[in-house]
>>> print(open('entry-v3.cif').read())   # mmCIF, C-alpha atoms
data_target
#
loop_
_atom_site.group_PDB
_atom_site.id
_atom_site.type_symbol
_atom_site.label_atom_id
_atom_site.label_comp_id
_atom_site.auth_asym_id
_atom_site.auth_seq_id
_atom_site.Cartn_x
_atom_site.Cartn_y
_atom_site.Cartn_z
ATOM 1 C CA MET S 1 22.198 23.018 -0.160
ATOM 2 C CA GLY S 2 24.459 20.644 1.747
ATOM 3 C CA PRO S 3 25.047 16.896 1.382
ATOM 4 C CA GLU S 4 22.379 14.254 2.013
ATOM 5 C CA GLY S 5 19.430 16.609 1.596
ATOM 6 C CA LYS S 6 20.573 19.092 4.238
ATOM 7 C CA VAL S 7 20.439 22.874 4.062
ATOM 8 C CA THR S 8 21.852 25.430 6.460
ATOM 9 C CA ASP S 9 19.950 28.079 8.355
ATOM 10 C CA LYS S 10 21.059 31.693 8.789
ATOM 11 C CA GLY S 11 23.337 30.658 11.644
ATOM 12 C CA GLY S 12 25.149 28.117 9.493
ATOM 13 C CA ARG S 13 23.544 25.105 11.192
ATOM 14 C CA GLN S 14 22.611 22.165 9.015
ATOM 15 C CA MET S 15 18.901 21.497 8.511
ATOM 16 C CA THR S 16 17.393 18.207 7.380
ATOM 17 C CA GLU S 17 14.793 18.493 4.635
ATOM 18 C CA ILE S 18 11.631 16.404 4.928
ATOM 19 C CA LEU S 19 8.824 16.294 2.391
ATOM 20 C CA VAL S 20 5.338 15.709 3.808
ATOM 21 C CA ILE S 21 2.655 14.567 1.355
ATOM 22 C CA HIS S 22 -0.730 14.969 3.027
ATOM 23 C CA THR S 23 -3.287 12.907 1.116
ATOM 24 C CA GLY S 24 -6.096 12.945 3.679
ATOM 25 C CA GLY S 25 -7.488 10.367 6.081
ATOM 26 C CA THR S 26 -8.666 10.357 9.680
ATOM 27 C CA ILE S 27 -5.468 11.970 10.947
ATOM 28 C CA GLY S 28 -6.471 15.323 9.421
ATOM 29 C CA MET S 29 -10.230 15.184 10.019
ATOM 30 C CA VAL S 30 -12.512 17.211 12.289
ATOM 31 C CA PRO S 31 -16.050 16.498 13.554
ATOM 32 C CA GLY S 32 -18.989 17.831 11.538
ATOM 33 C CA PRO S 33 -22.757 17.409 11.396
ATOM 34 C CA GLY S 34 -22.435 14.284 9.252
ATOM 35 C CA GLY S 35 -19.410 12.859 11.091
ATOM 36 C CA LEU S 36 -15.673 13.205 10.614
ATOM 37 C CA HIS S 37 -14.540 14.980 7.448
ATOM 38 C CA PRO S 38 -11.177 16.241 6.084
ATOM 39 C CA ALA S 39 -10.166 19.759 7.087
ATOM 40 C CA PRO S 40 -7.338 21.768 5.476
ATOM 41 C CA GLY S 41 -4.618 22.977 7.825
ATOM 42 C CA VAL S 42 -5.025 20.399 10.618
ATOM 43 C CA VAL S 43 -1.972 18.339 9.720
ATOM 44 C CA GLU S 44 0.058 21.393 8.731
ATOM 45 C CA THR S 45 -0.470 22.958 12.187
ATOM 46 C CA ALA S 46 0.540 19.750 13.967
ATOM 47 C CA LEU S 47 3.710 19.438 11.910
ATOM 48 C CA GLY S 48 5.075 22.665 13.316
ATOM 49 C CA ALA S 49 4.850 21.303 16.854
ATOM 50 C CA LEU S 50 6.025 17.745 16.117
ATOM 51 C CA ALA S 51 8.867 18.220 13.637
ATOM 52 C CA PRO S 52 12.263 17.160 15.048
ATOM 53 C CA ALA S 53 14.732 19.923 15.837
ATOM 54 C CA GLY S 54 16.941 20.813 12.910
ATOM 55 C CA THR S 55 14.436 19.936 10.196
ATOM 56 C CA THR S 56 12.780 22.012 7.530
ATOM 57 C CA LEU S 57 9.486 20.794 6.091
ATOM 58 C CA THR S 58 7.965 21.068 2.641
ATOM 59 C CA VAL S 59 4.272 20.145 2.589
ATOM 60 C CA ILE S 60 2.300 19.015 -0.449
ATOM 61 C CA ALA S 61 -1.401 18.664 0.370
ATOM 62 C CA PHE S 62 -3.823 16.980 -1.984
ATOM 63 C CA ASP S 63 -6.594 19.348 -3.020
ATOM 64 C CA PRO S 64 -9.158 18.118 -2.333
ATOM 65 C CA LEU S 65 -8.001 15.838 0.470
ATOM 66 C CA VAL S 66 -8.848 12.209 -0.246
ATOM 67 C CA ASP S 67 -10.608 9.629 1.886
ATOM 68 C CA SER S 68 -8.461 6.511 1.598
ATOM 69 C CA ALA S 69 -11.428 4.605 0.149
ATOM 70 C CA GLU S 70 -10.890 6.714 -2.989
ATOM 71 C CA MET S 71 -7.143 6.058 -3.328
ATOM 72 C CA GLY S 72 -5.976 4.477 -6.561
ATOM 73 C CA PRO S 73 -3.315 4.477 -9.274
ATOM 74 C CA ASP S 74 -3.569 8.179 -10.112
ATOM 75 C CA HIS S 75 -2.936 9.088 -6.475
ATOM 76 C CA TRP S 76 -0.072 6.580 -6.222
ATOM 77 C CA ASN S 77 1.510 8.133 -9.297
ATOM 78 C CA ARG S 78 1.365 11.604 -7.730
ATOM 79 C CA ILE S 79 3.157 10.310 -4.643
ATOM 80 C CA ILE S 80 5.738 8.392 -6.700
ATOM 81 C CA ASP S 81 6.515 11.445 -8.830
ATOM 82 C CA ALA S 82 6.916 13.650 -5.754
ATOM 83 C CA VAL S 83 9.264 11.183 -4.050
ATOM 84 C CA ALA S 84 11.325 10.625 -7.203
ATOM 85 C CA SER S 85 11.882 14.369 -7.681
ATOM 86 C CA PHE S 86 12.676 15.148 -4.029
ATOM 87 C CA GLY S 87 16.297 15.747 -3.085
ATOM 88 C CA GLY S 88 15.986 15.795 0.694
ATOM 89 C CA GLN S 89 16.479 13.335 3.521
ATOM 90 C CA GLY S 90 13.078 11.637 3.804
ATOM 91 C CA VAL S 91 9.369 11.673 3.008
ATOM 92 C CA VAL S 92 6.245 11.300 5.155
ATOM 93 C CA VAL S 93 2.937 10.364 3.511
ATOM 94 C CA THR S 94 -0.158 10.882 5.642
ATOM 95 C CA HIS S 95 -2.932 8.532 4.572
ATOM 96 C CA GLY S 96 -6.187 6.973 5.737
ATOM 97 C CA THR S 97 -6.004 3.476 7.220
ATOM 98 C CA ASP S 98 -8.641 1.634 5.176
ATOM 99 C CA THR S 99 -6.463 1.228 2.071
ATOM 100 C CA MET S 100 -3.088 1.729 3.747
ATOM 101 C CA ALA S 101 -2.092 -1.850 2.858
ATOM 102 C CA PHE S 102 -2.699 -1.205 -0.851
ATOM 103 C CA THR S 103 -0.702 2.031 -0.861
ATOM 104 C CA GLY S 104 2.042 0.413 1.215
ATOM 105 C CA ALA S 105 2.383 -2.362 -1.364
ATOM 106 C CA ALA S 106 2.150 0.111 -4.254
ATOM 107 C CA LEU S 107 4.901 2.390 -2.969
ATOM 108 C CA SER S 108 7.119 -0.484 -1.800
ATOM 109 C CA GLN S 109 7.106 -2.054 -5.250
ATOM 110 C CA ALA S 110 7.075 1.089 -7.391
ATOM 111 C CA LEU S 111 9.856 2.699 -5.322
ATOM 112 C CA ALA S 112 11.947 -0.453 -4.752
ATOM 113 C CA GLY S 113 15.544 0.524 -4.049
ATOM 114 C CA VAL S 114 14.688 4.063 -2.945
ATOM 115 C CA ALA S 115 17.670 5.585 -1.123
ATOM 116 C CA ILE S 116 15.690 7.538 1.505
ATOM 117 C CA PRO S 117 13.017 6.625 4.063
ATOM 118 C CA VAL S 118 9.450 6.987 2.769
ATOM 119 C CA VAL S 119 7.154 6.709 5.782
ATOM 120 C CA LEU S 120 3.416 6.172 5.638
ATOM 121 C CA CYS S 121 1.471 7.510 8.590
ATOM 122 C CA GLY S 122 -2.180 7.569 9.621
ATOM 123 C CA SER S 123 -4.252 7.209 12.742
ATOM 124 C CA MET S 124 -7.414 5.713 14.132
ATOM 125 C CA GLN S 125 -8.347 8.999 15.849
ATOM 126 C CA PRO S 126 -7.865 12.525 14.461
ATOM 127 C CA LEU S 127 -5.246 14.966 15.644
ATOM 128 C CA ASN S 128 -6.182 17.059 18.682
ATOM 129 C CA THR S 129 -8.466 14.391 20.176
ATOM 130 C CA GLY S 130 -6.069 12.752 22.632
ATOM 131 C CA GLY S 131 -5.700 9.646 20.476
ATOM 132 C CA ASP S 132 -2.916 8.052 18.472
ATOM 133 C CA ALA S 133 -2.381 10.663 15.754
ATOM 134 C CA GLU S 134 0.334 12.790 17.376
ATOM 135 C CA GLY S 135 2.444 9.770 18.337
ATOM 136 C CA ASN S 136 2.194 8.219 14.882
ATOM 137 C CA LEU S 137 3.073 11.482 13.141
ATOM 138 C CA ALA S 138 6.032 12.158 15.453
ATOM 139 C CA LEU S 139 7.381 8.644 14.805
ATOM 140 C CA ALA S 140 6.990 9.140 11.053
ATOM 141 C CA LEU S 141 8.811 12.482 11.106
ATOM 142 C CA GLY S 142 11.661 11.115 13.204
ATOM 143 C CA THR S 143 12.053 8.152 10.869
ATOM 144 C CA ALA S 144 12.025 10.365 7.780
ATOM 145 C CA ALA S 145 14.746 12.518 9.335
ATOM 146 C CA ALA S 146 17.085 9.762 10.494
ATOM 147 C CA GLY S 147 15.685 6.345 9.615
ATOM 148 C CA ALA S 148 16.721 3.599 7.225
ATOM 149 C CA ALA S 149 15.953 3.777 3.525
ATOM 150 C CA GLY S 150 12.846 1.981 2.294
ATOM 151 C CA VAL S 151 9.078 2.267 2.556
ATOM 152 C CA TRP S 152 7.667 2.016 6.091
ATOM 153 C CA LEU S 153 4.516 2.431 8.149
ATOM 154 C CA ALA S 154 4.756 4.347 11.435
ATOM 155 C CA PHE S 155 1.860 3.195 13.599
ATOM 156 C CA ALA S 156 1.112 2.377 17.252
ATOM 157 C CA GLY S 157 4.683 3.037 18.347
ATOM 158 C CA ARG S 158 6.165 0.644 15.788
ATOM 159 C CA LEU S 159 7.893 0.944 12.450
ATOM 160 C CA MET S 160 6.795 -1.757 10.005
ATOM 161 C CA PRO S 161 7.875 -2.572 6.446
ATOM 162 C CA ALA S 162 5.018 -1.390 4.243
ATOM 163 C CA ALA S 163 5.319 -4.096 1.575
ATOM 164 C CA GLY S 164 3.017 -6.618 3.281
ATOM 165 C CA LEU S 165 0.708 -4.702 5.597
ATOM 166 C CA VAL S 166 -2.460 -6.255 7.000
ATOM 167 C CA LYS S 167 -5.102 -4.124 8.714
ATOM 168 C CA HIS S 168 -6.288 -6.701 11.220
ATOM 169 C CA HIS S 169 -8.506 -4.506 13.395
ATOM 170 C CA ALA S 170 -11.068 -1.935 12.302
ATOM 171 C CA GLN S 171 -10.997 0.204 15.444
ATOM 172 C CA ASP S 172 -8.045 -0.483 17.773
ATOM 173 C CA ALA S 173 -5.045 1.848 17.762
ATOM 174 C CA ASP S 174 -2.769 -1.159 17.152
ATOM 175 C CA ALA S 175 -4.509 -1.907 13.876
ATOM 176 C CA PHE S 176 -1.718 -3.210 11.615
ATOM 177 C CA ARG S 177 0.558 -6.190 11.247
ATOM 178 C CA ALA S 178 3.280 -6.712 8.657
ATOM 179 C CA VAL S 179 3.657 -10.003 6.777
ATOM 180 C CA ALA S 180 7.203 -10.546 5.515
ATOM 181 C CA GLN S 181 7.454 -10.338 1.728
ATOM 182 C CA GLU S 182 10.107 -11.425 -0.734
ATOM 183 C CA PRO S 183 12.757 -8.692 -1.092
ATOM 184 C CA LEU S 184 12.400 -6.515 -4.153
ATOM 185 C CA PRO S 185 15.356 -6.044 -6.489
ATOM 186 C CA GLY S 186 17.054 -2.731 -7.154
ATOM 187 C CA PRO S 187 18.463 -0.488 -8.446
ATOM 188 C CA PHE S 188 16.007 2.318 -7.865
ATOM 189 C CA ARG S 189 13.793 2.718 -10.904
ATOM 190 C CA PRO S 190 10.528 4.502 -10.065
ATOM 191 C CA ARG S 191 7.583 2.857 -11.764
ATOM 192 C CA ARG S 192 4.162 4.336 -12.467
ATOM 193 C CA PHE S 193 0.729 2.767 -12.676
ATOM 194 C CA ALA S 194 -1.219 2.596 -15.925
ATOM 195 C CA GLN S 195 -4.965 2.143 -16.125
ATOM 196 C CA ALA S 196 -5.862 -1.532 -16.056
ATOM 197 C CA ARG S 197 -8.750 -3.773 -15.008
ATOM 198 C CA LEU S 198 -7.735 -5.801 -11.964
ATOM 199 C CA ALA S 199 -9.503 -7.266 -8.951
ATOM 200 C CA ILE S 200 -9.042 -9.525 -5.950
ATOM 201 C CA LEU S 201 -11.399 -12.515 -6.124
ATOM 202 C CA THR S 202 -12.069 -15.041 -3.374
ATOM 203 C CA LEU S 203 -12.964 -18.709 -3.622
ATOM 204 C CA SER S 204 -15.803 -19.788 -1.353
ATOM 205 C CA PRO S 205 -17.657 -23.085 -1.008
ATOM 206 C CA GLY S 206 -20.348 -23.350 -3.680
ATOM 207 C CA LEU S 207 -19.034 -20.467 -5.805
ATOM 208 C CA PRO S 208 -20.650 -20.855 -9.259
ATOM 209 C CA ALA S 209 -18.020 -21.308 -11.944
ATOM 210 C CA ASP S 210 -19.933 -19.079 -14.367
ATOM 211 C CA ALA S 211 -19.928 -16.234 -11.838
ATOM 212 C CA LEU S 212 -16.146 -16.444 -11.537
ATOM 213 C CA GLY S 213 -15.892 -16.700 -15.319
ATOM 214 C CA ALA S 214 -18.002 -13.571 -15.777
ATOM 215 C CA MET S 215 -15.658 -11.600 -13.545
ATOM 216 C CA LEU S 216 -12.502 -12.935 -15.163
ATOM 217 C CA GLY S 217 -13.936 -12.131 -18.584
ATOM 218 C CA ARG S 218 -13.854 -8.412 -17.745
ATOM 219 C CA LEU S 219 -10.353 -8.331 -16.230
ATOM 220 C CA ASP S 220 -6.779 -7.980 -17.467
ATOM 221 C CA ALA S 221 -5.483 -9.813 -14.390
ATOM 222 C CA ALA S 222 -6.772 -11.046 -11.051
ATOM 223 C CA VAL S 223 -5.598 -12.145 -7.637
ATOM 224 C CA LEU S 224 -7.371 -15.339 -6.564
ATOM 225 C CA ARG S 225 -7.594 -15.980 -2.827
ATOM 226 C CA VAL S 226 -7.557 -19.773 -2.496
ATOM 227 C CA PHE S 227 -7.836 -22.065 0.510
ATOM 228 C CA GLY S 228 -5.025 -22.851 2.948
ATOM 229 C CA ALA S 229 -1.662 -23.697 1.413
ATOM 230 C CA GLY S 230 -3.143 -23.720 -2.099
ATOM 231 C CA THR S 231 -6.308 -25.741 -2.601
ATOM 232 C CA ALA S 232 -9.584 -25.276 -4.469
ATOM 233 C CA MET S 233 -12.843 -27.122 -5.083
ATOM 234 C CA SER S 234 -12.671 -30.168 -7.378
ATOM 235 C CA ASP S 235 -15.115 -28.617 -9.848
ATOM 236 C CA PRO S 236 -14.210 -29.278 -13.512
ATOM 237 C CA ALA S 237 -16.243 -26.252 -14.596
ATOM 238 C CA LEU S 238 -14.231 -24.030 -12.258
ATOM 239 C CA HIS S 239 -10.960 -25.436 -13.537
ATOM 240 C CA ALA S 240 -12.072 -24.879 -17.139
ATOM 241 C CA VAL S 241 -12.968 -21.252 -16.404
ATOM 242 C CA LEU S 242 -9.526 -20.601 -14.922
ATOM 243 C CA ALA S 243 -7.725 -22.295 -17.806
ATOM 244 C CA ALA S 244 -9.762 -20.385 -20.399
ATOM 245 C CA ALA S 245 -9.028 -17.046 -18.719
ATOM 246 C CA VAL S 246 -5.292 -17.745 -18.612
ATOM 247 C CA ALA S 247 -5.351 -18.932 -22.235
ATOM 248 C CA ARG S 248 -6.833 -15.621 -23.427
ATOM 249 C CA GLY S 249 -4.120 -13.670 -21.563
ATOM 250 C CA CYS S 250 -5.690 -12.911 -18.183
ATOM 251 C CA ARG S 251 -2.994 -13.447 -15.579
ATOM 252 C CA ILE S 252 -4.234 -15.018 -12.351
ATOM 253 C CA ARG S 253 -2.045 -14.991 -9.239
ATOM 254 C CA ALA S 254 -3.084 -17.185 -6.324
ATOM 255 C CA VAL S 255 -2.584 -16.232 -2.685
ATOM 256 C CA SER S 256 -3.740 -17.878 0.504
ATOM 257 C CA GLN S 257 -6.824 -16.776 2.397
ATOM 258 C CA CYS S 258 -4.704 -17.265 5.531
ATOM 259 C CA GLU S 259 -2.945 -14.174 6.822
ATOM 260 C CA ALA S 260 0.485 -15.817 6.959
ATOM 261 C CA GLY S 261 2.269 -18.929 5.754
ATOM 262 C CA GLY S 262 1.725 -18.564 2.015
ATOM 263 C CA LEU S 263 1.192 -21.231 -0.617
ATOM 264 C CA ALA S 264 2.910 -24.586 -1.106
ATOM 265 C CA PRO S 265 2.017 -25.859 -4.601
ATOM 266 C CA GLY S 266 2.091 -29.645 -4.782
ATOM 267 C CA ALA S 267 1.363 -30.183 -1.101
ATOM 268 C CA TYR S 268 -2.274 -31.170 -1.743
ATOM 269 C CA ALA S 269 -3.891 -32.908 -4.688
ATOM 270 C CA ALA S 270 -6.845 -30.542 -4.263
ATOM 271 C CA GLY S 271 -4.703 -27.726 -5.595
ATOM 272 C CA ALA S 272 -3.173 -29.447 -8.607
ATOM 273 C CA ALA S 273 -5.832 -28.178 -11.025
ATOM 274 C CA LEU S 274 -4.931 -24.570 -10.187
ATOM 275 C CA TRP S 275 -1.370 -24.963 -11.396
ATOM 276 C CA ARG S 276 -2.382 -27.076 -14.416
ATOM 277 C CA ALA S 277 -4.668 -24.213 -15.462
ATOM 278 C CA GLY S 278 -1.733 -21.804 -15.462
ATOM 279 C CA VAL S 279 -2.543 -19.967 -12.234
ATOM 280 C CA GLU S 280 0.585 -18.328 -10.810
ATOM 281 C CA ASN S 281 1.930 -19.137 -7.363
ATOM 282 C CA GLY S 282 1.784 -15.973 -5.239
ATOM 283 C CA GLY S 283 3.862 -17.561 -2.477
ATOM 284 C CA THR S 284 3.766 -15.359 0.621
ATOM 285 C CA ASP S 285 2.237 -12.371 -1.178
ATOM 286 C CA THR S 286 -0.545 -10.617 0.664
ATOM 287 C CA PRO S 287 -3.556 -10.018 -1.609
ATOM 288 C CA GLU S 288 -2.603 -6.343 -1.815
ATOM 289 C CA ALA S 289 1.009 -7.115 -2.719
ATOM 290 C CA ALA S 290 -0.092 -9.632 -5.360
ATOM 291 C CA LEU S 291 -2.482 -7.093 -6.883
ATOM 292 C CA ILE S 292 0.257 -4.462 -7.123
ATOM 293 C CA ARG S 293 2.715 -6.986 -8.573
ATOM 294 C CA LEU S 294 0.229 -7.768 -11.333
ATOM 295 C CA TRP S 295 -0.660 -4.106 -11.852
ATOM 296 C CA LEU S 296 2.955 -3.131 -12.453
ATOM 297 C CA SER S 297 3.599 -6.039 -14.817
ATOM 298 C CA VAL S 298 0.337 -6.654 -16.678
ATOM 299 C CA LEU S 299 0.951 -3.849 -19.187
ATOM 300 C CA ASP S 300 4.755 -4.262 -19.428
#
>>> encode(input="entry-v3.cif", output="structure tokens")
Amino acid sequence: MGPEGKVTDKGGRQMTEILVIHTGGTIGMVPGPGGLHPAPGVVETALGALAPAGTTLTVIAFDPLVDSAEMGPDHWNRIIDAVASFGGQGVVVTHGTDTMAFTGAALSQALAGVAIPVVLCGSMQPLNTGGDAEGNLALALGTAAAGAAGVWLAFAGRLMPAAGLVKHHAQDADAFRAVAQEPLPGPFRPRRFAQARLAILTLSPGLPADALGAMLGRLDAAVLRVFGAGTAMSDPALHAVLAAAVARGCRIRAVSQCEAGGLAPGAYAAGAALWRAGVENGGTDTPEAALIRLWLSVLD
């Protein structure tokens, strides 16, 4: 074993070690009678053709492979543990796109300060179909081999910070944007996810206060998507429900329903009741980032 995660081959040449964690998703699917479904070996075969020269790959494949709709804290913990114990140059995580923003936020926060590149990768079309999969995977591998430390998404020819991802299109190859998030402090201290009851809730005109109260009554913490720069309906019953939830220990973190711009508490009188109730200011957090922030702190 050489420095910086490099090993030498039989000819004495240095090799860069990359760990690939294949969780599932469209990138490794094949057509079947009921539609696309995960197939073992698809990603592994592609890796041999796409890996940069001078690299050696270690592949960990989830068994069974997971549709991203099923991803959650147990899966995040498996990825975190694998990254934390890896001594090589970089990591690629193949993943479905539907919950990529949640996993991007989870890994960015749980692995804050990581000294190697951890690169998420998925696709809108499977490998071997002439779509975007090969390009995304090649970009991810190249970044893992020689890119900057941190957690990234390799997608549509671009490398994006994974902390504030937004999937803004359900079908186009250029499906993601990245909203800038507040930098996370180091040093590197991998964190794991415990079981907790959390949800993202959304204000909407006419929302019954008792319906919101019923949800909050079953939760340890919640993200509340509010209007604009931080406003809500002037409904005393709604305000009372929020205050009662906070008083019993349910943390509530507000974020904007707008994709970018964040909250500005105090800008509008219509938002004052939120802050009086003890709702936290999520600033520029995306809903996914706010959820992960609460998840990692609610049981501390």
>>> closest_residue(input="entry-v3.cif", among="S:Gly217, S:Pro287, S:Gly228, S:Pro208", to="S:Gln181", atoms="all atoms listed in the file")
S:Pro287
>>> residues_near_point(input="entry-v3.cif", point="(11.1, 9.3, 6.8)", cutoff="7 Å", atoms="all atoms listed in the file", output="PDB file with C-alpha atoms, in the coordinates of the input")
ATOM      1  CA  GLY S  90      13.078  11.637   3.804  1.00  0.00           C
ATOM      2  CA  VAL S  91       9.369  11.673   3.008  1.00  0.00           C
ATOM      3  CA  VAL S  92       6.245  11.300   5.155  1.00  0.00           C
ATOM      4  CA  PRO S 117      13.017   6.625   4.063  1.00  0.00           C
ATOM      5  CA  VAL S 118       9.450   6.987   2.769  1.00  0.00           C
ATOM      6  CA  VAL S 119       7.154   6.709   5.782  1.00  0.00           C
ATOM      7  CA  ALA S 140       6.990   9.140  11.053  1.00  0.00           C
ATOM      8  CA  LEU S 141       8.811  12.482  11.106  1.00  0.00           C
ATOM      9  CA  GLY S 142      11.661  11.115  13.204  1.00  0.00           C
ATOM     10  CA  THR S 143      12.053   8.152  10.869  1.00  0.00           C
ATOM     11  CA  ALA S 144      12.025  10.365   7.780  1.00  0.00           C
ATOM     12  CA  ALA S 145      14.746  12.518   9.335  1.00  0.00           C
ATOM     13  CA  GLY S 147      15.685   6.345   9.615  1.00  0.00           C
TER      14      GLY S 147
END
>>> closest_residue(input="entry-v3.cif", among="S:Asp285, S:Asp81, S:Glu280, S:Asp235", to="S:Leu203", atoms="all atoms listed in the file")
S:Asp235
>>> closest_atom_pairs(input="entry-v3.cif", of="stretch 116-151 of chain S", to="stretch 155-158 of chain S", cutoff="12 Å", atoms="only C-alpha atoms", output="Markdown table")
| residue | atom | partner | partner_atom | distance |
| --- | --- | --- | --- | --- |
| S:Val119 | CA | S:Phe155 | CA | 10.1 |
| S:Leu120 | CA | S:Phe155 | CA | 8.6 |
| S:Cys121 | CA | S:Phe155 | CA | 6.6 |
| S:Gly122 | CA | S:Phe155 | CA | 7.2 |
| S:Ser123 | CA | S:Phe155 | CA | 7.4 |
| S:Met124 | CA | S:Phe155 | CA | 9.6 |
| S:Gln125 | CA | S:Ala156 | CA | 11.6 |
| S:Gly131 | CA | S:Ala156 | CA | 10.5 |
| S:Asp132 | CA | S:Ala156 | CA | 7.1 |
| S:Ala133 | CA | S:Phe155 | CA | 8.9 |
| S:Glu134 | CA | S:Phe155 | CA | 10.4 |
| S:Gly135 | CA | S:Gly157 | CA | 7.1 |
| S:Asn136 | CA | S:Phe155 | CA | 5.2 |
| S:Leu137 | CA | S:Phe155 | CA | 8.4 |
| S:Ala138 | CA | S:Gly157 | CA | 9.7 |
| S:Leu139 | CA | S:Gly157 | CA | 7.2 |
| S:Ala140 | CA | S:Phe155 | CA | 8.3 |
| S:Leu141 | CA | S:Phe155 | CA | 11.9 |
| S:Gly142 | CA | S:Gly157 | CA | 11.8 |
| S:Thr143 | CA | S:Arg158 | CA | 10.7 |
>>> resolve_selection(input="entry-v3.cif", expression="the PyMOL selection byres ((chain S and resi 278) around 8)", output="list in words")
Leu242, Ala243, Val246, Ile252, Leu274, Trp275, Arg276, Ala277, Val279 and Glu280 of chain S
>>> atom_distance(input="entry-v3.cif", atom1="atom CA of S:His22", atom2="atom CA of S:Val93")
5.9 Å
>>> atom_distance(input="entry-v3.cif", atom1="atom CA of S:Val179", atom2="atom CA of S:Gly164")
4.9 Å
>>> closest_residue(input="entry-v3.cif", among="S:Asn281, S:Ser256, S:Thr103, S:Thr94", to="S:Leu65", atoms="all atoms listed in the file")
S:Thr94
>>> atom_distance(input="entry-v3.cif", atom1="atom CA of S:Val30", atom2="atom CA of S:Pro64")
15.0 Å
>>> residues_around(input="entry-v3.cif", residues="S:Val298", least_positions_apart="5", cutoff="10 Å", atoms="only C-alpha atoms", output="JSON, numbers by chain")
{"S": [194, 196, 197, 198, 220, 221, 249, 250, 251, 292, 293]}
>>> resolve_selection(input="entry-v3.cif", expression="the PyMOL selection byres ((chain S and resi 150) around 8)", output="compact mmCIF listing (two decimals) with C-alpha atoms, keeping the file's coordinate frame")
# COMPACT_ATOMS: atom_id res chain seq x y z
CA SER S 108 7.12 -0.48 -1.80
CA ALA S 112 11.95 -0.45 -4.75
CA GLY S 113 15.54 0.52 -4.05
CA VAL S 114 14.69 4.06 -2.94
CA ALA S 115 17.67 5.58 -1.12
CA ILE S 116 15.69 7.54 1.50
CA PRO S 117 13.02 6.62 4.06
CA VAL S 118 9.45 6.99 2.77
CA ALA S 148 16.72 3.60 7.22
CA ALA S 149 15.95 3.78 3.52
CA VAL S 151 9.08 2.27 2.56
CA TRP S 152 7.67 2.02 6.09
CA PRO S 161 7.88 -2.57 6.45
>>> resolve_selection(input="entry-v3.cif", expression="the PyMOL selection byres ((chain S and resi 37) around 12)", output="list in words")
Gly24, Gly25, Thr26, Ile27, Gly28, Met29, Val30, Pro31, Gly32, Pro33, Gly34, Gly35, Leu36, Pro38, Ala39, Pro40, Val42, Pro64, Leu65, Val66, Asp67, Ser68, Gly96 and Pro126 of chain S
>>> axis_aligned_box(input="entry-v3.cif", around="stretch 63-75 of chain S", padding_each_side="4 Å", output="lines of an AutoDock Vina configuration file")
center_x = -7.2
center_y = 11.9
center_z = -4.1
size_x = 16.5
size_y = 22.9
size_z = 20.0
>>> closest_residue(input="entry-v3.cif", among="S:Thr231, S:Thr23, S:Thr97, S:Thr16", to="S:Thr56", atoms="all atoms listed in the file")
S:Thr16
